[in-house]
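Source file: final_5.txt. Holds: compact mmCIF, C-alpha atoms and all ligand atoms.
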# COMPACT_ATOMS: atom_id res chain seq x y z
CA MET A 1 36.71 60.75 -43.80
CA LYS A 2 38.48 62.84 -41.18
CA GLY A 3 38.10 61.66 -37.60
CA PRO A 4 36.88 63.94 -34.81
CA THR A 5 39.54 65.90 -32.93
CA PRO A 6 39.24 68.58 -30.23
CA ARG A 7 40.32 71.22 -32.79
CA ARG A 8 37.60 70.15 -35.24
CA LEU A 9 35.09 70.20 -32.39
CA TRP A 10 36.23 73.76 -31.54
CA THR A 11 35.72 74.79 -35.18
CA TYR A 12 32.24 73.26 -35.14
CA VAL A 13 31.32 74.91 -31.83
CA THR A 14 32.49 78.36 -32.95
CA ARG A 15 31.66 78.41 -36.68
CA CYS A 16 28.59 76.16 -36.99
CA LEU A 17 27.02 76.77 -33.59
CA GLY A 18 28.19 80.41 -33.43
CA LEU A 19 29.41 80.15 -29.82
CA GLN A 20 32.65 82.15 -30.21
CA SER A 21 31.32 85.24 -28.43
CA TYR A 22 29.86 83.06 -25.65
CA PHE A 23 33.28 81.51 -25.01
CA ARG A 24 34.81 85.01 -24.97
CA SER A 25 32.19 86.36 -22.52
CA PRO A 26 30.54 83.48 -20.66
CA GLY A 27 29.58 85.59 -17.61
CA ASP A 28 32.99 85.54 -15.94
CA GLY A 29 32.63 87.07 -12.46
CA ARG A 30 36.33 86.99 -11.48
CA LEU A 31 37.65 90.44 -10.57
CA GLN A 32 41.20 90.15 -11.93
CA PRO A 33 41.25 87.10 -14.19
CA GLN A 34 44.72 85.78 -15.05
CA ILE A 35 43.63 82.71 -17.01
CA PRO A 36 41.34 83.39 -20.00
CA ALA A 37 37.72 82.31 -19.39
CA LYS A 38 37.79 80.62 -22.80
CA ALA A 39 40.58 78.22 -21.70
CA LEU A 40 38.74 77.28 -18.49
CA LEU A 41 35.33 76.84 -20.12
CA TRP A 42 36.64 74.92 -23.11
CA SER A 43 38.68 72.60 -20.87
CA LEU A 44 35.51 71.82 -18.87
CA LEU A 45 33.66 71.02 -22.08
CA ILE A 46 36.40 68.90 -23.60
CA GLY A 47 36.74 67.19 -20.19
CA GLN A 48 33.05 66.20 -20.42
CA VAL A 49 33.61 64.80 -23.91
CA LEU A 50 36.60 62.78 -22.66
CA ARG A 51 34.72 61.76 -19.47
CA ALA A 52 37.22 63.60 -17.31
CA SER A 53 34.57 65.65 -15.57
CA SER A 54 36.07 66.32 -12.12
CA PHE A 55 38.15 69.48 -11.74
CA LEU A 56 41.15 67.35 -10.76
CA ALA A 57 40.77 65.22 -13.91
CA VAL A 58 40.60 68.40 -16.03
CA GLU A 59 43.75 69.71 -14.29
CA ARG A 60 45.54 66.47 -15.20
CA LEU A 61 44.46 66.87 -18.84
CA VAL A 62 45.64 70.48 -19.17
CA ARG A 63 48.92 69.78 -17.34
CA SER A 64 49.65 66.80 -19.60
CA SER A 65 51.38 66.78 -22.99
CA ALA A 66 47.88 66.46 -24.55
CA ARG A 67 47.03 70.12 -23.75
CA ARG A 68 47.94 71.54 -27.20
CA ALA A 69 46.04 68.80 -29.01
CA LEU A 70 43.02 69.64 -26.82
CA ALA A 71 43.16 73.25 -28.07
CA VAL A 72 43.54 74.58 -24.50
CA SER A 73 45.82 77.66 -24.55
CA THR A 74 47.26 77.42 -21.03
CA SER A 75 47.51 75.05 -18.06
CA PHE A 76 45.98 75.70 -14.63
CA SER A 77 45.02 74.01 -11.37
CA ASP A 78 41.71 72.56 -10.22
CA ASP A 79 41.48 75.52 -7.79
CA ALA A 80 41.30 77.89 -10.79
CA LEU A 81 38.26 75.94 -12.10
CA ASP A 82 36.69 76.05 -8.66
CA TYR A 83 37.19 79.84 -8.40
CA PHE A 84 35.97 80.41 -11.98
CA THR A 85 32.80 78.27 -11.83
CA GLU A 86 31.81 79.59 -8.41
CA ARG A 87 31.69 83.11 -9.87
CA LEU A 88 30.28 82.24 -13.30
CA ASP A 89 26.91 83.87 -14.02
CA PRO A 90 24.67 81.11 -15.45
CA THR A 91 22.59 83.58 -17.55
CA PRO A 92 24.91 83.72 -20.63
CA THR A 93 25.20 79.90 -20.63
CA ARG A 94 21.41 79.52 -20.55
CA ALA A 95 21.02 82.09 -23.35
CA ALA A 96 23.73 80.36 -25.46
CA LEU A 97 22.07 76.96 -25.06
CA ALA A 98 18.66 78.41 -25.96
CA ARG A 99 20.20 79.97 -29.12
CA VAL A 100 21.70 76.60 -30.12
CA LEU A 101 18.36 74.84 -29.58
CA HIS A 102 16.50 77.45 -31.64
CA GLN A 103 19.10 77.15 -34.40
CA ALA A 104 18.78 73.34 -34.39
CA LYS A 105 15.01 73.61 -34.64
CA ARG A 106 15.23 76.19 -37.44
CA ASN A 107 17.69 73.94 -39.32
CA LYS A 108 15.21 71.06 -38.97
CA ALA A 109 17.71 69.02 -36.94
CA PHE A 110 14.77 67.60 -34.95
CA GLU A 111 12.64 66.96 -38.06
CA THR A 112 12.76 63.15 -38.03
CA SER A 113 11.24 62.91 -34.56
CA GLY A 114 7.60 62.84 -33.47
CA GLY A 115 7.69 66.27 -31.84
CA ILE A 116 9.87 68.15 -29.40
CA GLY A 117 9.16 67.85 -25.69
CA LEU A 118 10.66 69.08 -22.43
CA ALA A 119 11.39 66.59 -19.67
CA VAL A 120 11.76 67.69 -16.04
CA ASP A 121 13.37 65.44 -13.48
CA GLY A 122 14.85 65.70 -10.00
CA THR A 123 18.41 64.63 -9.32
CA THR A 124 20.96 64.65 -6.50
CA VAL A 125 24.63 65.64 -6.68
CA GLY A 126 27.49 65.88 -4.20
CA ARG A 127 27.86 64.22 -0.82
CA CYS A 128 29.17 66.07 2.19
CA ALA A 129 29.63 64.91 5.77
CA SER A 130 28.69 68.37 7.08
CA CYS A 131 26.55 71.29 5.90
CA THR A 132 28.90 73.58 3.96
CA CYS A 133 26.62 75.90 1.96
CA LEU A 134 23.10 77.30 1.69
CA LEU A 135 22.06 74.55 -0.77
CA CYS A 136 23.08 71.59 1.45
CA ARG A 137 20.02 69.48 2.31
CA PRO A 138 20.21 66.88 5.07
CA HIS A 139 20.20 63.24 3.96
CA ARG A 140 18.57 60.87 6.48
CA ASN A 141 18.77 57.13 7.01
CA ALA A 142 15.80 54.82 7.68
CA GLU A 143 15.85 55.92 11.34
CA LYS A 144 15.47 59.56 10.22
CA GLU A 145 18.95 60.43 11.50
CA ILE A 146 21.00 62.89 9.46
CA VAL A 147 23.85 60.92 7.86
CA GLY A 148 25.18 63.60 5.53
CA TYR A 149 24.23 66.43 3.18
CA ARG A 150 23.46 66.51 -0.54
CA HIS A 151 22.58 68.99 -3.24
CA HIS A 152 19.25 68.57 -4.98
CA LEU A 153 18.53 69.85 -8.49
CA VAL A 154 15.72 69.82 -11.00
CA LEU A 155 17.00 69.25 -14.53
CA THR A 156 15.21 70.00 -17.79
CA SER A 157 16.07 68.38 -21.12
CA VAL A 158 14.79 68.65 -24.67
CA VAL A 159 13.45 65.18 -25.57
CA GLY A 160 11.84 63.47 -28.55
CA THR A 161 14.80 64.43 -30.71
CA GLY A 162 16.65 61.09 -30.80
CA LEU A 163 19.04 62.45 -28.17
CA SER A 164 18.13 63.77 -24.75
CA LEU A 165 19.58 67.31 -24.57
CA PRO A 166 19.89 68.63 -20.99
CA PHE A 167 19.89 72.42 -21.02
CA ASP A 168 19.13 73.90 -17.60
CA VAL A 169 19.15 73.08 -13.89
CA GLU A 170 17.57 74.70 -10.86
CA PRO A 171 18.87 73.91 -7.36
CA TYR A 172 16.67 73.81 -4.27
CA GLY A 173 18.00 74.06 -0.74
CA PRO A 174 16.35 73.41 2.62
CA GLY A 175 13.02 75.24 2.95
CA ASP A 176 12.56 75.07 -0.82
CA SER A 177 11.02 72.17 -2.75
CA GLU A 178 11.37 70.16 -5.95
CA TYR A 179 7.94 71.42 -6.93
CA ALA A 180 8.88 75.11 -6.56
CA ALA A 181 12.24 74.57 -8.31
CA GLY A 182 10.45 72.76 -11.18
CA GLN A 183 8.08 75.70 -11.57
CA ARG A 184 10.97 78.20 -11.71
CA LEU A 185 12.77 75.99 -14.22
CA LEU A 186 9.78 75.64 -16.55
CA ARG A 187 8.99 79.36 -16.35
CA ARG A 188 12.58 80.11 -17.38
CA ALA A 189 12.49 77.48 -20.15
CA ARG A 190 9.38 79.16 -21.49
CA GLU A 191 11.03 82.59 -21.43
CA LEU A 192 14.20 81.32 -23.11
CA LEU A 193 12.69 78.96 -25.68
CA GLY A 194 9.27 80.53 -26.29
CA VAL A 195 5.78 79.08 -25.86
CA ARG A 196 5.80 77.16 -29.12
CA PHE A 197 9.18 75.46 -28.85
CA ALA A 198 7.88 72.26 -27.26
CA ALA A 199 4.67 70.33 -27.93
CA TYR A 200 4.61 68.49 -24.60
CA VAL A 201 6.17 68.40 -21.14
CA VAL A 202 7.18 65.19 -19.37
CA VAL A 203 7.20 65.43 -15.58
CA ASP A 204 8.22 62.31 -13.66
CA GLY A 205 7.67 60.20 -16.78
CA VAL A 206 4.11 61.45 -17.48
CA ALA A 207 3.64 63.41 -20.72
CA ARG A 208 1.22 66.34 -20.90
CA VAL A 209 0.29 68.12 -24.10
CA VAL A 210 1.04 71.82 -23.92
CA GLY A 211 -1.60 74.21 -25.25
CA ARG A 212 -1.13 77.78 -26.39
CA GLY A 213 -2.75 79.59 -23.48
CA ARG A 214 -2.19 79.01 -19.77
CA GLU A 215 -0.78 75.54 -19.47
CA THR A 216 -1.66 73.03 -16.83
CA PHE A 217 0.28 69.89 -16.16
CA SER A 218 0.69 67.80 -13.09
CA PHE A 219 3.58 67.72 -10.71
CA PRO A 220 3.61 65.01 -8.03
CA GLY A 221 0.42 65.48 -6.06
CA SER A 222 -0.49 68.90 -7.42
CA GLN A 223 -1.14 71.05 -10.45
CA THR A 224 1.28 73.52 -11.94
CA HIS A 225 0.14 76.58 -13.85
CA LEU A 226 2.72 78.36 -15.91
CA PRO A 227 2.23 82.13 -16.05
ZN ZN A 301 26.32 72.55 -0.05
Could you write out this file's structure as structure tokens?
Amino acid sequence: MKGPTPRRLWTYVTRCLGLQSYFRSPGDGRLQPQIPAKALLWSLLIGQVLRASSFLAVERLVRSSARRALAVSTSFSDDALDYFTERLDPTPTRAALARVLHQAKRNKAFETSGGIGLAVDGTTVGRCASCTCLLCRPHRNAEKEIVGYRHHLVLTSVVGTGLSLPFDVEPYGPGDSEYAAGQRLLRRARELLGVRFAAYVVVDGVARVVGRGRETFSFPGSQTHLP
């Protein structure tokens, strides 16, 4: 049996999952791109697989002698990844992930499980000493003093499939809330995946069965109605 290699993974991603056109046009917002979007996006993905997820770690990979074996066409700096991701429109990525999930469901990849669900959970990323962007939320110590800033996200994953498959995030800055971000996220999941994709939603570890009409399920301390 042949072992997995980055080139075989690329073949799988493009031929079996049909993501070639997504890698060609992933929503690149750079005005005069010098480095192909495909090289940047693929290096981020292969970096995740190899657990080299920081931009600096990816730069080290693509500047090393391993670059050709990783199927990355050109080398670049971590600044190029920063510039690229900051301008990347998330819409094509969301659409591509929804297509893959639909394809997996159609191909009965989730068949052995007890039903597909969506899990929604809050998470925190990044730590800054000062407020540097619109999404920075103050982080306070026990004395309620601001000791830094963090980014807060709500993450949704497809669950009940043997593997938890994260597929979308929604950030919420100061003046916004986890509740509101969770509502936006679930509304979008419903638009992208369709009403009948999932049989239940898990919010903060509590499962709710999803009906066909207007759904109701609880968020911490309140009720959420999806339109
Ligand atoms: Zn920030």
Original post:
Hey, which residues come within 9 Å of ligand ZN 301 (chain A) if we count only C-alpha atoms and all ligand atoms? Could you give them as an NGL selection string?
Top reply: :A and (126-128 or 130-137 or 149-151 or 173)
Subject >> For A:Pro4, the nearest of the candidates A:Ala129, A:Leu31, A:Leu56, A:Ala69, counting only C-alpha atoms >> reply: A:Ala69
Non-local contacts of A:Ser73 (12 Å; only C-alpha atoms; under 4 positions in same chain excluded) as an mmCIF file with C-alpha atoms, in the frame of the given file:
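Output file result-v4.cif follows:
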data_model
loop_
_atom_site.group_PDB
_atom_site.id
_atom_site.type_symbol
_atom_site.label_atom_id
_atom_site.label_comp_id
_atom_site.auth_asym_id
_atom_site.auth_seq_id
_atom_site.Cartn_x
_atom_site.Cartn_y
_atom_site.Cartn_z
ATOM 1 C CA ARG A 7 40.320 71.220 -32.790
ATOM 2 C CA ILE A 35 43.630 82.710 -17.010
ATOM 3 C CA PRO A 36 41.340 83.390 -20.000
ATOM 4 C CA ALA A 37 37.720 82.310 -19.390
ATOM 5 C CA LYS A 38 37.790 80.620 -22.800
ATOM 6 C CA ALA A 39 40.580 78.220 -21.700
ATOM 7 C CA LEU A 40 38.740 77.280 -18.490
ATOM 8 C CA LEU A 41 35.330 76.840 -20.120
ATOM 9 C CA TRP A 42 36.640 74.920 -23.110
ATOM 10 C CA SER A 43 38.680 72.600 -20.870
ATOM 11 C CA VAL A 62 45.640 70.480 -19.170
ATOM 12 C CA ARG A 63 48.920 69.780 -17.340
ATOM 13 C CA ALA A 66 47.880 66.460 -24.550
ATOM 14 C CA ARG A 67 47.030 70.120 -23.750
ATOM 15 C CA ARG A 68 47.940 71.540 -27.200
ATOM 16 C CA ALA A 69 46.040 68.800 -29.010
#
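Closest approach to A:Thr161 among A:Leu81, A:Ala142, A:Ile116, A:Leu192 is made by A:Ile116 (distances from only C-alpha atoms).
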Subject >> Test item: residues at most 6 Å from stretch 10-27 of chain A, only C-alpha atoms, excluding those fewer than 5 positions along its chain, as a list in words >> reply: Lys38, Leu88, Asp89 and Pro92 of chain A
**OP:** Find the distance between atom CA of A:Ala98 and atom CA of A:Thr156 and write it in Å to one decimal.
**Re:** 12.2 Å
Subject >> atom CA of A:Leu153 to atom CA of A:Val169, straight-line distance in Å >> reply: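 Separating atom CA of A:Val169 from atom CA of A:Leu153 is a distance of 6.3 Å.
Using all atoms listed in the file, the smallest distance between any of A:Glu170, A:Asp121, A:Glu86, A:Glu145 and A:Val202 comes from A:Asp121.
In terms of minimum interatomic distance to A:Leu165, A:Phe110 ranks closest within A:Phe110, A:Tyr83, A:Tyr179, A:Tyr200, counting all atoms listed in the file.
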Original post:
In terms of the shortest atom-to-atom distance over all atoms listed in the file, which of A:Val58, A:Val120, A:Ala52, A:Val203 is closest to A:Pro166?
Top reply: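 Going through A:Val58, A:Val120, A:Ala52, A:Val203 one by one, the smallest distance to A:Pro166 is for A:Val120.
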As AutoDock Vina command-line options, please: the centre and edge lengths in Å, to one decimal, of an axis-aligned box enclosing every listed atom of stretch 31-48 of chain A with 6 Å added on each side.
--center_x 38.9 --center_y 78.3 --center_z -17.1 --size_x 23.7 --size_y 36.2 --size_z 25.0
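Using all atoms listed in the file, the shortest contact distance between A:Ala198 and any of A:Ala181, A:Val100, A:Val158, A:Val147 is found at A:Val158.
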